[in-house]
Amino acid sequence: MSSEDTPKDYSESPINLEYFYTAGSATTRFLNQVKEGNIVGQACPKCKAVYVPPRGSCPRCGVATDIEVPLTDKGCIESFTVVHIPIPGNPIVPPYVCAMIRLDGANISFLHLIQEVEIEEIRIGMRIQAVWKPKEEWTHSLENIKWFAPIDEPDVDVATLRFQES
Amino acid sequence: MIQAGVIGVGQTKYDAKRRDVSMAGLVREAIDNAMLAANLEWDAIDAVILGKAPDMFEGVIMPELYLADAIGAVGKPVLRVHTAGSVGGSTAVIAASHICSGQFKTVLTVTFEKQSESNATWALSPRYPYSPHINAGAGGYFAPFIREYIRRYEAPEHIGWKVAAKDRQNALKNPLAHLHIPGIDEKMVSDTPMLWEPLRYLESCPSSDGACAMVITAQDQVGSRNVAWIKGMAVRSEGTLSAGRDEVNPQAGIDCAKDIYNQAGIQNPFNEIDCAEIYVPFSWYEPMWLENLGFCDLGEGWKLTDKDATAIDGELPFNMSGGVLSSNPIGASGMIRFGEAALQVMGLAEDHQVEDAKVAMGHAYGGAAQFFAMWIVSSSLD
């Protein structure tokens, strides 16, 4: 039977989804600062929780996070994983360390890379600091930070990081 | 409130690629089995409730419209539910609430995923705007929570292997399960490659094609049928990026469980629930949910697992069907838990039946572990 005669019940048709993302006012304020190398979180006026990156409102209180809170680029590893498998569409070559980064003064964490350290030495509570790309490459993105790297400071007890309303 | 009960559960054979059926054929297979089990004609169905996980998983947007014929929904009210991985559970709760409302006598509910028609890990790992592209599927997302659980309670690493082996051993008793791994044991699990530390390959759920359907009816429609009475049901969610959230032990899960225990009059879930189908897509979620659902104190879950309390012949069997670790058509995975719980109290679970099961729990979670759905089913109305 020639290939033309072979019954075909399945064919691949890859799809590509492109979309426009409107940042909104809170994220725009945050990203304008990131472009200048600054990390500025936003605090809830009611419970005082500090969000970075901010989404514009506090999920606890349902109010706008309209208080700007400048932070440093230092923090600790709240938890992490070592990714060993390639992810379709993802440019990073495994193994790589994907960590929940908790910046000092922030009450939520975000995901970023950990580098400049042996994987076996990485631990929960480890102190880390951002390693920035050259200034001329800065854009409106947390990609301005290449990765986070350990700094020589004592580990943090992550149990103390849990936000509690004062 | 009007009492609702499950009178028919229908499932497909779960497999990596069900190329013998289309998406429509897949859902119809489960529906036909449910309708047969319920011994009902199509005229008896007042509404159809369909659930599935993100449409990007197959690239078919709003499939409930394309599937209207296959699910018998033409000319009838149809509702689509979507709450990520918990959707199978929340779809069951929403279907049952149609009965409790008094506006519907009998409803058909169906959930599915045909994962072979796309790549869920790809769909779950998009590049978020203005962020580094480092997210690595569901395993990459949950692994840090699991690492924190292990650190917090000093749990030994073999616990994860043990859950993974136990659920796959149970799957050998369930002919519908996707994974049938002869000779599966802890050693085999621990020998598989690391995917997302601390999770190994066999500690992770498969990608499956499959569907699960149920017929749910009001008390006055039951007749002489075998029924799983729904004694308590609830859904809860919480803010994913909310300050103070504990991802290891989410408050929404705690609250959802308390709600259904109260509805069902359960004081001590460990003693009063005979068996449970709990959403465990990665091995460590068994001890984590044992604690979150109030079956034991914090830090004690891994010890229950370690002493075989959750084995099929243990004090509180978990995932007799093989669970999500053995069959994972994501959109249906929650409803399979709810349906398998019903089968247990109806005495229809065949080779993976827990002897004398009267009260069973079905559970599902999803998203970033911020969506929860649960129910308690019982063999008796009292």
# chains A, B, ... in the order shown; residues from 1 in each chain; ligands from 1
$ closest_atom_pairs --of "chain A" --to "chain B" --cutoff "9 Å" --atoms "only C-alpha atoms" --output "CSV"
residue,atom,partner,partner_atom,distance
A:Asp9,CA,B:Arg19,CA,8.0
A:Tyr10,CA,B:Arg19,CA,7.7
A:Glu12,CA,B:Glu117,CA,8.5
A:Pro14,CA,B:Ser118,CA,8.7
A:Ile15,CA,B:Gly59,CA,7.7
A:Tyr21,CA,B:Pro129,CA,7.1
A:Ala23,CA,B:Pro129,CA,8.7
A:Leu31,CA,B:Tyr130,CA,8.1
A:Ala49,CA,B:Ala243,CA,6.3
A:Val50,CA,B:Ala243,CA,7.7
A:Tyr51,CA,B:Ala243,CA,7.5
A:Arg55,CA,B:Leu241,CA,8.9
A:Cys58,CA,B:Ser242,CA,7.0
A:Pro59,CA,B:Ser242,CA,5.3
A:Arg60,CA,B:Ser242,CA,6.2
A:Glu78,CA,B:Glu148,CA,8.3
A:Ser79,CA,B:Pro144,CA,5.1
A:Phe80,CA,B:Pro144,CA,4.7
A:Thr81,CA,B:Glu197,CA,5.3
A:Val82,CA,B:Glu197,CA,5.1
A:Val83,CA,B:Trp196,CA,4.6
A:His84,CA,B:Leu195,CA,5.0
A:Ile85,CA,B:Leu195,CA,5.7
A:Pro86,CA,B:Ala136,CA,8.3
A:Ile87,CA,B:Ala136,CA,6.0
A:Pro88,CA,B:Trp122,CA,5.3
A:Gly89,CA,B:Trp122,CA,6.8
A:Asn90,CA,B:His133,CA,6.5
A:Pro91,CA,B:His133,CA,7.6
A:Ile92,CA,B:Ile134,CA,7.2
A:Tyr96,CA,B:Ile134,CA,8.9
A:Cys98,CA,B:Ile134,CA,6.9
A:Ala99,CA,B:Pro144,CA,7.5
A:Met100,CA,B:Pro144,CA,7.6
A:Ala106,CA,B:Ala243,CA,8.9
A:Asn107,CA,B:Ala243,CA,5.3
A:Ile108,CA,B:Ala243,CA,5.5
A:Ser109,CA,B:Leu241,CA,8.3
A:Leu111,CA,B:Ile134,CA,7.8
A:His112,CA,B:Pro132,CA,7.0
A:Leu113,CA,B:Ile134,CA,7.5
A:Ile124,CA,B:Glu148,CA,7.7
A:Thr139,CA,B:Tyr130,CA,8.8
A:His140,CA,B:Tyr130,CA,6.4
A:Ser141,CA,B:Tyr130,CA,4.1
A:Leu142,CA,B:Ser131,CA,5.0
A:Glu143,CA,B:Pro132,CA,5.1
A:Asn144,CA,B:Pro132,CA,8.8
A:Ile145,CA,B:Pro132,CA,8.6
A:Lys146,CA,B:Pro132,CA,8.6
A:Ala159,CA,B:Arg152,CA,8.8
A:Leu161,CA,B:Gly244,CA,8.6
A:Arg162,CA,B:Gly244,CA,5.4
A:Phe163,CA,B:Gly244,CA,4.3
A:Gln164,CA,B:Gly244,CA,6.4
A:Glu165,CA,B:Gly244,CA,8.7
$ residues_around --residues "range 165-182 of chain B" --least-positions-apart "5" --cutoff "9 Å" --atoms "only C-alpha atoms" --output "PyMOL selection string"
chain B and resi 11-16+160+187-189+202-203+206+208-209+283+310-312+318-328+349-352
$ closest_atom_pairs --of "range 82-184 of chain B" --to "range 216-231 of chain B" --cutoff "9 Å" --atoms "only C-alpha atoms" --output "Markdown table"
| residue | atom | partner | partner_atom | distance |
| --- | --- | --- | --- | --- |
| B:Ala92 | CA | B:Ile216 | CA | 8.8 |
| B:Ala95 | CA | B:Ile216 | CA | 7.4 |
| B:Ala96 | CA | B:Ile216 | CA | 6.3 |
| B:Ile99 | CA | B:Ala218 | CA | 5.9 |
| B:Cys100 | CA | B:Ala218 | CA | 7.5 |
| B:Gly102 | CA | B:Ala218 | CA | 8.3 |
| B:Phe104 | CA | B:Ala218 | CA | 8.2 |
| B:Lys105 | CA | B:Ala218 | CA | 5.5 |
| B:Thr106 | CA | B:Thr217 | CA | 4.2 |
| B:Val107 | CA | B:Ile216 | CA | 5.5 |
| B:Leu108 | CA | B:Ile216 | CA | 6.5 |
| B:Thr109 | CA | B:Ile216 | CA | 7.8 |
$ write_last_selection --atoms "N, CA and C atoms" --output "PDB file, in the first residue's frame"
ATOM      1  N   ALA B  92     -18.387  17.968  39.766  1.00  0.00           N
ATOM      2  CA  ALA B  92     -19.299  17.050  40.463  1.00  0.00           C
ATOM      3  C   ALA B  92     -20.140  17.811  41.492  1.00  0.00           C
ATOM      4  N   ALA B  95     -22.684  19.916  39.660  1.00  0.00           N
ATOM      5  CA  ALA B  95     -23.750  19.062  39.116  1.00  0.00           C
ATOM      6  C   ALA B  95     -24.725  18.670  40.230  1.00  0.00           C
ATOM      7  N   ALA B  96     -24.178  18.260  41.370  1.00  0.00           N
ATOM      8  CA  ALA B  96     -25.039  17.844  42.484  1.00  0.00           C
ATOM      9  C   ALA B  96     -25.848  19.023  43.015  1.00  0.00           C
ATOM     10  N   ILE B  99     -29.188  19.481  41.491  1.00  0.00           N
ATOM     11  CA  ILE B  99     -30.245  18.654  42.070  1.00  0.00           C
ATOM     12  C   ILE B  99     -30.753  19.273  43.372  1.00  0.00           C
ATOM     13  N   CYS B 100     -29.802  19.659  44.224  1.00  0.00           N
ATOM     14  CA  CYS B 100     -30.183  20.218  45.538  1.00  0.00           C
ATOM     15  C   CYS B 100     -31.004  21.499  45.389  1.00  0.00           C
ATOM     16  N   GLY B 102     -33.403  21.925  43.471  1.00  0.00           N
ATOM     17  CA  GLY B 102     -34.802  21.604  43.198  1.00  0.00           C
ATOM     18  C   GLY B 102     -35.249  21.933  41.785  1.00  0.00           C
ATOM     19  N   PHE B 104     -33.753  20.808  39.014  1.00  0.00           N
ATOM     20  CA  PHE B 104     -33.425  19.698  38.110  1.00  0.00           C
ATOM     21  C   PHE B 104     -33.627  18.389  38.865  1.00  0.00           C
ATOM     22  N   LYS B 105     -34.144  17.393  38.168  1.00  0.00           N
ATOM     23  CA  LYS B 105     -34.369  16.092  38.816  1.00  0.00           C
ATOM     24  C   LYS B 105     -33.155  15.186  38.649  1.00  0.00           C
ATOM     25  N   THR B 106     -32.605  15.178  37.413  1.00  0.00           N
ATOM     26  CA  THR B 106     -31.487  14.280  37.114  1.00  0.00           C
ATOM     27  C   THR B 106     -30.526  15.002  36.172  1.00  0.00           C
ATOM     28  N   VAL B 107     -29.259  14.979  36.507  1.00  0.00           N
ATOM     29  CA  VAL B 107     -28.276  15.606  35.627  1.00  0.00           C
ATOM     30  C   VAL B 107     -27.172  14.608  35.264  1.00  0.00           C
ATOM     31  N   LEU B 108     -26.599  14.863  34.094  1.00  0.00           N
ATOM     32  CA  LEU B 108     -25.428  14.112  33.649  1.00  0.00           C
ATOM     33  C   LEU B 108     -24.234  15.045  33.792  1.00  0.00           C
ATOM     34  N   THR B 109     -23.144  14.529  34.323  1.00  0.00           N
ATOM     35  CA  THR B 109     -21.935  15.351  34.396  1.00  0.00           C
ATOM     36  C   THR B 109     -20.767  14.549  33.835  1.00  0.00           C
TER      37      THR B 109
END
$ residues_around --residues "range 288-301 of chain B" --least-positions-apart "3" --cutoff "9 Å" --atoms "only C-alpha atoms" --output "PDB file with N, CA and C atoms, in the first residue's frame"
ATOM      1  N   ILE B 146       6.887  20.889  48.377  1.00  0.00           N
ATOM      2  CA  ILE B 146       7.193  19.563  48.917  1.00  0.00           C
ATOM      3  C   ILE B 146       8.513  19.602  49.692  1.00  0.00           C
ATOM      4  N   TYR B 149       7.820  21.034  52.991  1.00  0.00           N
ATOM      5  CA  TYR B 149       7.157  20.064  53.874  1.00  0.00           C
ATOM      6  C   TYR B 149       8.183  19.117  54.500  1.00  0.00           C
ATOM      7  N   ARG B 152      10.251  20.980  57.076  1.00  0.00           N
ATOM      8  CA  ARG B 152       9.493  21.380  58.251  1.00  0.00           C
ATOM      9  C   ARG B 152       9.308  20.218  59.227  1.00  0.00           C
ATOM     10  N   TYR B 153       9.031  19.034  58.675  1.00  0.00           N
ATOM     11  CA  TYR B 153       8.678  17.908  59.532  1.00  0.00           C
ATOM     12  C   TYR B 153       9.713  16.787  59.502  1.00  0.00           C
ATOM     13  N   GLU B 154      10.896  17.074  58.943  1.00  0.00           N
ATOM     14  CA  GLU B 154      12.012  16.121  58.927  1.00  0.00           C
ATOM     15  C   GLU B 154      11.563  14.748  58.423  1.00  0.00           C
ATOM     16  N   ALA B 155      10.875  14.754  57.314  1.00  0.00           N
ATOM     17  CA  ALA B 155      10.356  13.506  56.747  1.00  0.00           C
ATOM     18  C   ALA B 155      11.455  12.805  55.941  1.00  0.00           C
ATOM     19  N   VAL B 248       2.146  24.912  51.834  1.00  0.00           N
ATOM     20  CA  VAL B 248       2.278  23.519  52.281  1.00  0.00           C
ATOM     21  C   VAL B 248       0.960  23.016  52.886  1.00  0.00           C
ATOM     22  N   ASN B 249       0.233  23.906  53.512  1.00  0.00           N
ATOM     23  CA  ASN B 249      -0.994  23.528  54.224  1.00  0.00           C
ATOM     24  C   ASN B 249      -2.055  24.598  53.986  1.00  0.00           C
ATOM     25  N   PRO B 250      -2.606  24.635  52.766  1.00  0.00           N
ATOM     26  CA  PRO B 250      -3.480  25.765  52.391  1.00  0.00           C
ATOM     27  C   PRO B 250      -4.753  25.852  53.240  1.00  0.00           C
ATOM     28  N   GLN B 251      -5.083  27.060  53.657  1.00  0.00           N
ATOM     29  CA  GLN B 251      -6.258  27.296  54.482  1.00  0.00           C
ATOM     30  C   GLN B 251      -7.543  26.866  53.767  1.00  0.00           C
ATOM     31  N   GLY B 253      -8.003  24.390  51.828  1.00  0.00           N
ATOM     32  CA  GLY B 253      -8.173  22.943  51.971  1.00  0.00           C
ATOM     33  C   GLY B 253      -8.693  22.583  53.352  1.00  0.00           C
ATOM     34  N   ILE B 254      -8.132  23.233  54.364  1.00  0.00           N
ATOM     35  CA  ILE B 254      -8.578  23.003  55.749  1.00  0.00           C
ATOM     36  C   ILE B 254     -10.069  23.340  55.874  1.00  0.00           C
ATOM     37  N   ASP B 255     -10.440  24.503  55.351  1.00  0.00           N
ATOM     38  CA  ASP B 255     -11.827  24.978  55.486  1.00  0.00           C
ATOM     39  C   ASP B 255     -12.806  24.098  54.710  1.00  0.00           C
ATOM     40  N   CYS B 256     -12.393  23.676  53.514  1.00  0.00           N
ATOM     41  CA  CYS B 256     -13.268  22.852  52.673  1.00  0.00           C
ATOM     42  C   CYS B 256     -13.554  21.521  53.367  1.00  0.00           C
ATOM     43  N   ALA B 257     -12.502  20.918  53.942  1.00  0.00           N
ATOM     44  CA  ALA B 257     -12.667  19.631  54.628  1.00  0.00           C
ATOM     45  C   ALA B 257     -13.588  19.784  55.845  1.00  0.00           C
ATOM     46  N   LYS B 258     -13.360  20.839  56.633  1.00  0.00           N
ATOM     47  CA  LYS B 258     -14.207  21.044  57.816  1.00  0.00           C
ATOM     48  C   LYS B 258     -15.667  21.187  57.423  1.00  0.00           C
ATOM     49  N   ASN B 268     -14.739  12.692  63.744  1.00  0.00           N
ATOM     50  CA  ASN B 268     -13.368  12.205  63.657  1.00  0.00           C
ATOM     51  C   ASN B 268     -13.157  11.560  62.287  1.00  0.00           C
ATOM     52  N   PRO B 269     -12.637  12.327  61.339  1.00  0.00           N
ATOM     53  CA  PRO B 269     -12.574  11.806  59.968  1.00  0.00           C
ATOM     54  C   PRO B 269     -11.744  10.531  59.842  1.00  0.00           C
ATOM     55  N   PHE B 270     -10.671  10.435  60.618  1.00  0.00           N
ATOM     56  CA  PHE B 270      -9.826   9.236  60.497  1.00  0.00           C
ATOM     57  C   PHE B 270     -10.608   7.977  60.863  1.00  0.00           C
ATOM     58  N   ASN B 271     -11.436   8.081  61.900  1.00  0.00           N
ATOM     59  CA  ASN B 271     -12.185   6.897  62.343  1.00  0.00           C
ATOM     60  C   ASN B 271     -13.469   6.680  61.554  1.00  0.00           C
ATOM     61  N   ILE B 278      -8.032  10.621  47.107  1.00  0.00           N
ATOM     62  CA  ILE B 278      -7.475  11.954  47.357  1.00  0.00           C
ATOM     63  C   ILE B 278      -6.533  12.305  46.207  1.00  0.00           C
ATOM     64  N   TYR B 279      -6.576  13.549  45.781  1.00  0.00           N
ATOM     65  CA  TYR B 279      -5.819  13.994  44.599  1.00  0.00           C
ATOM     66  C   TYR B 279      -4.325  14.075  44.941  1.00  0.00           C
ATOM     67  N   VAL B 280      -3.585  13.063  44.523  1.00  0.00           N
ATOM     68  CA  VAL B 280      -2.146  12.975  44.803  1.00  0.00           C
ATOM     69  C   VAL B 280      -1.400  12.844  43.475  1.00  0.00           C
ATOM     70  N   TRP B 284       4.405  13.038  47.394  1.00  0.00           N
ATOM     71  CA  TRP B 284       4.413  13.659  48.717  1.00  0.00           C
ATOM     72  C   TRP B 284       3.089  14.309  49.089  1.00  0.00           C
ATOM     73  N   TYR B 285       2.208  14.509  48.114  1.00  0.00           N
ATOM     74  CA  TYR B 285       0.934  15.115  48.473  1.00  0.00           C
ATOM     75  C   TYR B 285       0.066  14.193  49.321  1.00  0.00           C
ATOM     76  N   LEU B 304       1.873   8.274  59.206  1.00  0.00           N
ATOM     77  CA  LEU B 304       0.739   7.399  58.843  1.00  0.00           C
ATOM     78  C   LEU B 304       1.053   6.638  57.554  1.00  0.00           C
ATOM     79  N   THR B 305       1.599   7.363  56.577  1.00  0.00           N
ATOM     80  CA  THR B 305       1.987   6.707  55.327  1.00  0.00           C
ATOM     81  C   THR B 305       3.021   5.625  55.600  1.00  0.00           C
ATOM     82  N   ASP B 306       3.986   5.954  56.456  1.00  0.00           N
ATOM     83  CA  ASP B 306       5.092   5.038  56.723  1.00  0.00           C
ATOM     84  C   ASP B 306       4.612   3.744  57.365  1.00  0.00           C
TER      85      ASP B 306
END
$ atom_distance --atom1 "CA of Pro154 in chain A" --atom2 "CA of Gly37 in chain A"
25.6 Å
$ select_by_dssp --residues "range 6-143 of chain A" --states "helix (DSSP H, G or I)" --output "ChimeraX atom specification"
/A:24-35,119-121,135-137,142-143
$ atom_distance --atom1 "CA of Ile151 in chain A" --atom2 "CA of Pro70 in chain A"
20.5 Å
$ residues_around --residues "Asp259 in chain B" --least-positions-apart "6" --cutoff "12 Å" --atoms "only C-alpha atoms" --output "list in words"
Lys231, Gly232, Met233, Ala234, Val235, Arg236, Ala252, Gly253, Gly265, Ile266, Gln267, Leu293, Gly294, Phe372, Ala373, Met374, Trp375 and Ile376 of chain B
$ residues_around --residues "Leu40 in chain B" --least-positions-apart "3" --cutoff "10 Å" --atoms "only C-alpha atoms" --output "list in words"
Ile7, Gly8, Ala34, Met35, Leu36, Ala37, Asp43, Ala44, Ile45, Thr106 and Val215 of chain B
$ atom_distance --atom1 "CA of Ala360 in chain B" --atom2 "CA of Gly51 in chain B"
22.3 Å
$ select_by_dssp --residues "range 83-308 of chain B" --states "strand (DSSP E)" --output "PyMOL selection string"
chain B and resi 106-114+194-196+199-200+209-218+228-237+275-277
